[in-house]
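Only one structure is covered here, and it is reproduced in the block below.
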Amino acid sequence: MFIEQVINGLTLGSIYALFALGYTMVYGILRMINFAHSEIFMVGAYIGFWVLSSLPVFLPGFLPAYFLAVFILAMLGAGLLAVVVERIAYKPLRHASRLAPLISAIGVSIFLQNLIMLTAGASSRPYPEKLPLEQFNFFGAQVSSLQIFIFGLAVLLMFILTLFISRTRLGKAMRATAENHIVAQLMGINVNTVISLTFIIGGGLGGIAGVLNGLYYGSVKYNMGFLPGIKAFTAAVLGGIGNLKGAMAGGFILGIVEAFAAGYISSENKDIFAFVILILVLLFKPAGLFGEEVPEKI
Amino acid sequence: MKWLTALLLLIIAPLIGYHYGNFYALHVAGLVGIYCILCVGLNITVGYAGLLDLGFMAFCAIGAYTAALLSIKGLSFWITLPVCLLLGGLIRYLIGAPVLRLRGDYLAIVTLAFGEIFRLVANNFDWLTNGPKGLPRVGEKISEIRLFSLSFTNDLQFYYLILFFLLCTLLISYRLEHSRTGRALVAIREDELAAKLSGINVPRVKSLAFVLSGMFGALAGAIYVHWIGFISPEMFTFWESVLLVAMLVIGGMGNIAGALLGVLLLVGVPELLRPVLGTRFVEYRMLIFGLIMIVVIIFRPEGLLPSKRRAAELHAKDE
Amino acid sequence: MYRALLIALGILTGFTGCAKSPAGMKVVKIALVCPLTGDVAAMGQGMKRAAEIAVEEGNAAGRFQDIKLELAAFDDRADPKEAVNVANQIISDRQIAGVVGHLNSGCSIPASQIYSKRGLLMITSASTNPKLTLQGLKNVFRICTTDDVQGSFAANYFIDKLKITRAAVIHDKTSYGQGLAEEFKKQFEIRQGKITGFDGINIGDKDFRALLTSIKNKKPSLIYYGGMYTECGLISKQAKELGLPVPVVSGDGVFTPEFIKIGGNATEGDYASMIGIPPEKLPKAKAFIERYKAKYPGVDMQPYDTYTYEATSLIMEAIEKTGKDPAQIVDYVSRAKFSGILGETTFDAKGDTLNKTISIYRVKNGKFIYCE
């Protein structure tokens, strides 16, 4: 049972980590909580659903191509949606109070959720079963090929992202903008482009997390983003909001904690744990595990 | 003079409506009244103090569940009401102590988290709240509100009861707004640091606003459960709390008129248009509200019916 | 600006003071309340279609002299709070003579109290929790059998026919789900079976792995689920994925093709009990099924469609014979000996039908097959 919960936790954590990266990247660059990110996640899952549903008869040889198509389309779609949202709902508020973008984001969240609900239906839609599932035995615990795939894909994407941020010029530009917009601009960086790029990447990762969530649980629903969204945000805060490594670590930690809490303490109340962690972190250690303490400047 | 006519209208119109058999509109009027109490209460935190509260419905829930549980045991409404108010205020105070010193957006998220925790507790702690099945349990009954020999049972009577409490709420809110504490709240909202340096006891003033608004939430909940006779955790989701915030944003934060307008537009209008436009339209309303919320916060953040001061605050940046 | 507020207030109070326009030709409505959107929507939509056929046929046959019969469909989203809202709307509408609904017991129970305030008839074709008719309300009737029969029937079936001795029970904490699970548990234990666990999950949950893992450790031979098809489908799927290949058994809330769609291949070998005997075995019901398929080709029939048709037909007969006064309708129904597509229906003093059969179905090759 222990190993099984670890495996459950790592799989869950992979999804949370990818999802949390979106929150942390946007916060790092704009100091805003992108409340609508949970809906980007949901739209990504739906895109995956639509692509999978409209694919022709399943031919074994084409499996990798299919999945590549699903993920790329979901990533592009979600990323695009994220940047459109940014342009319409957040950009005009860049110089307003801190609360204004949050309220705007909540409005976007309501809008997107209801849009999908009214167009795609209010009931759960089952994800098409196109994946051949194999079970492996790992030290007495059952692992499915899906869990391995999710974990592997997440780690791969996180690795690529880390390389991108640390080695490429664009990555450097993103880090610079996160430090200080004005100085970055003075250095010749087009801050608006960098911000849009951040949303595309963060949104894209969120979209992939959505597809993985849909595959793992076998269903999508218009309100599937809310609860995982809060948990992913908790993960981001836990790791240190604004910090990429923190989001990844936070995601896995939260996933494992949740799996263990559900398995050993109470499955019913597992959601309460995430909320309690969120409150405790924000109250007592808002910088999280890897974040820097930013003193209040008088 | 204007207020007197408004008051008279509010008192007489429903009697006419009842006579002609327009029961649904009366029911909606009662609902609007409850939401008004909630919104005016929330306005104290969000509007006066400028603290975004995304978990307000939890306090409506606390009021409702407390009233339900005590009423099932047989206690009279007039005894349970102070208990609800006290409990709502106390919990608000306890939560407020650590939470109110947080920065704006973090505060919002923490209130969201508390709101959800309360809902999950109401949902999972079956032994207390009967979980998703709601209260009252089968075989139990929420006792009626009795005043001397009068028993409140139908929509018309409840309308007047709600109106009475709403007027009390309005009075208290108005007096707060025009008091020293009210001005202190405005000062905190505009610039917390400057307020602190001017000698205002910021934590205490914030706490007062927080606690008072929580009590209004509990009041609304207690009345609601006696009126409708049923509560379940689904009434207190995050989206209900957000709807209240939307009412304030769209109607106008920081003043009572704005709160009332927000309720009329977001609750009154869709419900009354339901028989005319059909239930399908009502499903679109959240979609429309989300859109309006975005538009309003970008182009007219002070809302439709703002207080002049708030409008000035928000547009000061434009200079 | 305050003037604007005043004007708005005025308009609103104007609405309140508005008189309802009197109808020309007398319109009498039958309200149908069920989940038309949300996770149980498939079943609710089926009920709506069946009720619509009944009303159409009734009007076409010219049974109601100067009354135009209409169906007013309301959506309760399977949510008790919404059901209460809708019930309040319904009792405000004086054109409504009776209610067919709700689907979920969790909705029917609180709503029935509101209908009884106006003495409005409520016949449910799908709510199976016994408590509904134990409330002592005179206006509540039920045309389907109850969960005390359903749960214990299932317990007996699996002990006798399949010699199962260990079962794990999960429920969704609603009046229906928890109620059914409790009935099953009660009977199973009376028959010396061992219940390895009795756990609640929340509607809307999607991740049952942690729970199923801990259930797996207790080695049950069967999982009994009290609740609706969406969660049950996911439970079945995840259980098999975790290496717990035992049959998942549930009640009428799961007896729909949607369950198989959601659970996929994992549902092979799962069971569901259902109220009544298969409609195909009754000639008049069979004819109704043909008419239904002709009107809605390609649409799966849902489990409560025949019952909803029956309930609607019963109210229609009451309106035909007594007019639109709710009290008289209630009186007629309580004494009725209704001969419909499901055979003879009469009600006992509590409002339950005396027709109390249960059937068991098993999923084979992607369809529910009747087990004798």
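Each chain of the structure tokens is named A, B, ... in the order shown, its residues numbered from 1; ligands are numbered from 1 in display order.
The protein and nucleic acid residues lying at most 10 Å from Leu176 in chain B are Ile44, Tyr48, Leu170, Leu171, Ile172, Arg180, Thr181, Gly182, Arg183, Leu185 and Ala209 of chain B, with only C-alpha atoms considered and sequence neighbours fewer than 4 positions away removed.
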Give me, as a Markdown table, the closest atom pair and its distance (Å, one decimal) for every residue of chain A within a cut-off of 10 Å of chain C, counting only C-alpha atoms, rows sorted by chain and rising number.
```
| residue | atom | partner | partner_atom | distance |
| --- | --- | --- | --- | --- |
| A:Met1 | CA | C:Thr213 | CA | 6.9 |
| A:Phe2 | CA | C:Thr213 | CA | 9.9 |
| A:Glu4 | CA | C:Thr213 | CA | 7.8 |
| A:Gln5 | CA | C:Ala210 | CA | 7.1 |
| A:Asn8 | CA | C:Arg209 | CA | 7.7 |
| A:Gly9 | CA | C:Ala210 | CA | 9.7 |
| A:Leu12 | CA | C:Asp207 | CA | 10.0 |
| A:Met117 | CA | C:Gly38 | CA | 9.3 |
| A:Leu118 | CA | C:Thr37 | CA | 9.9 |
| A:Gly121 | CA | C:Thr37 | CA | 7.6 |
| A:Ala122 | CA | C:Gly38 | CA | 4.6 |
| A:Ser123 | CA | C:Asp39 | CA | 4.3 |
| A:Ser124 | CA | C:Asp39 | CA | 6.0 |
| A:Arg125 | CA | C:Ile262 | CA | 7.5 |
| A:Pro126 | CA | C:Ile262 | CA | 5.2 |
| A:Tyr127 | CA | C:Ile262 | CA | 8.1 |
| A:Pro128 | CA | C:Gly264 | CA | 8.7 |
| A:Glu129 | CA | C:Gly264 | CA | 7.4 |
| A:Leu133 | CA | C:Glu241 | CA | 8.4 |
| A:Glu134 | CA | C:Glu241 | CA | 9.0 |
| A:Gln135 | CA | C:Glu241 | CA | 7.8 |
| A:Ala141 | CA | C:Leu242 | CA | 9.0 |
| A:Gln142 | CA | C:Leu242 | CA | 6.4 |
| A:Val143 | CA | C:Leu242 | CA | 7.9 |
| A:Ser144 | CA | C:Glu241 | CA | 7.4 |
| A:Tyr216 | CA | C:Asp207 | CA | 9.1 |
| A:Tyr217 | CA | C:Lys206 | CA | 6.3 |
| A:Gly218 | CA | C:Leu234 | CA | 7.5 |
| A:Ser219 | CA | C:Ile262 | CA | 7.7 |
| A:Val220 | CA | C:Lys206 | CA | 9.8 |
| A:Lys221 | CA | C:Asp39 | CA | 9.1 |
| A:Tyr222 | CA | C:Gly38 | CA | 10.0 |
| A:Asn223 | CA | C:Gly204 | CA | 9.6 |
| A:Met224 | CA | C:Gly204 | CA | 9.0 |
| A:Glu258 | CA | C:Ala210 | CA | 9.5 |
| A:Ala259 | CA | C:Ala210 | CA | 6.6 |
| A:Phe260 | CA | C:Ala210 | CA | 8.1 |
| A:Ala261 | CA | C:Ala210 | CA | 8.9 |
| A:Ala262 | CA | C:Ala210 | CA | 5.6 |
| A:Gly263 | CA | C:Ala210 | CA | 4.8 |
| A:Tyr264 | CA | C:Ser214 | CA | 8.4 |
| A:Ser266 | CA | C:Leu211 | CA | 8.6 |
| A:Ser267 | CA | C:Leu211 | CA | 6.0 |
| A:Glu268 | CA | C:Ile201 | CA | 5.8 |
| A:Asn269 | CA | C:Ile201 | CA | 9.3 |
| A:Lys270 | CA | C:Ala210 | CA | 9.9 |
```
- Figure out the distance between CA of Arg291 in chain C and CA of Asp305 in chain C, please, to one decimal in Å. 12.2 Å
- Which polymer residues have any atom within 10 Å of an atom of Gly254 in chain B, counting only C-alpha atoms, with same-chain residues fewer than 4 positions away left out, as a list in words?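 Selected residues are Val40, Leu42, Asn43, Ile44, Thr45, Val46, Gly47, Tyr48, Ala49, Gly50, Glu177, Val186, Leu248, Val249, Gly258, Ala259, Glu302, Gly303, Leu305, Pro306, Ser307, Lys308, Arg309, Arg310 and Ala311 of chain B.
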- Please determine the contact residues of chain B with respect to chain A at a cut-off of 8 Å, counting only C-alpha atoms, and supply them as a VMD selection string. chain B and resid 52 98 to 99 102 104 to 106 110 113 to 114 116 to 117 120 124 284 286 to 294 297 to 298 301 317
With C-alpha atoms kept, could you save the residues just selected as a short mmCIF file (atom, residue, chain, number, x, y, z; two decimals), in the first residue's frame?
```cif
data_model
loop_
_atom_site.label_atom_id
_atom_site.label_comp_id
_atom_site.auth_asym_id
_atom_site.auth_seq_id
_atom_site.Cartn_x
_atom_site.Cartn_y
_atom_site.Cartn_z
CA LEU B 52 -11.31 41.30 -1.04
CA PRO B 98 -3.88 36.10 11.66
CA VAL B 99 -5.35 36.77 8.25
CA LEU B 102 -1.89 39.72 4.72
CA GLY B 104 -4.62 42.06 -0.70
CA ASP B 105 -4.41 39.20 -3.12
CA TYR B 106 -3.09 36.72 -0.57
CA VAL B 110 -6.94 32.73 2.17
CA ALA B 113 -9.55 28.65 1.29
CA PHE B 114 -11.50 29.17 4.51
CA GLU B 116 -14.02 26.06 0.89
CA ILE B 117 -12.95 24.42 4.13
CA LEU B 120 -16.20 20.74 2.84
CA ASN B 124 -18.28 15.72 5.10
CA TYR B 284 -26.55 32.26 -19.55
CA MET B 286 -23.27 33.64 -15.11
CA LEU B 287 -21.61 33.87 -18.49
CA ILE B 288 -22.88 37.40 -18.91
CA PHE B 289 -21.92 38.37 -15.38
CA GLY B 290 -18.36 37.17 -15.89
CA LEU B 291 -18.10 39.28 -18.98
CA ILE B 292 -19.62 42.33 -17.34
CA MET B 293 -17.29 41.91 -14.40
CA ILE B 294 -14.26 42.03 -16.69
CA ILE B 297 -13.20 46.35 -13.68
CA ILE B 298 -11.27 47.53 -16.70
CA PRO B 301 -13.70 49.95 -11.64
CA LYS B 317 -3.96 56.81 -11.27
#
```
- Query: Can you tell me, as a ChimeraX atom specification, what residues are no more than 8 Å from Lys350 in chain C when counting only C-alpha atoms, ignoring any on the same chain fewer than 6 positions away?
  - Reply: /C:133-134,136,138,141
- Interface list for chain B, partner chain C, 9 Å threshold, only C-alpha atoms, as a PyMOL selection string: chain B and resi 2-3+6+9-10+12-29+123-124+126+130-134+136+138-139+228-235+257-258+260-261+264-265+268-269+272+279+305-306
- Task: Quick one: pick out all strand (DSSP E) residues within range 29-239 of chain A from a backbone DSSP run and write them as a PyMOL selection string.
- Result: chain A and resi 125-126+135-138+141-144+219-220
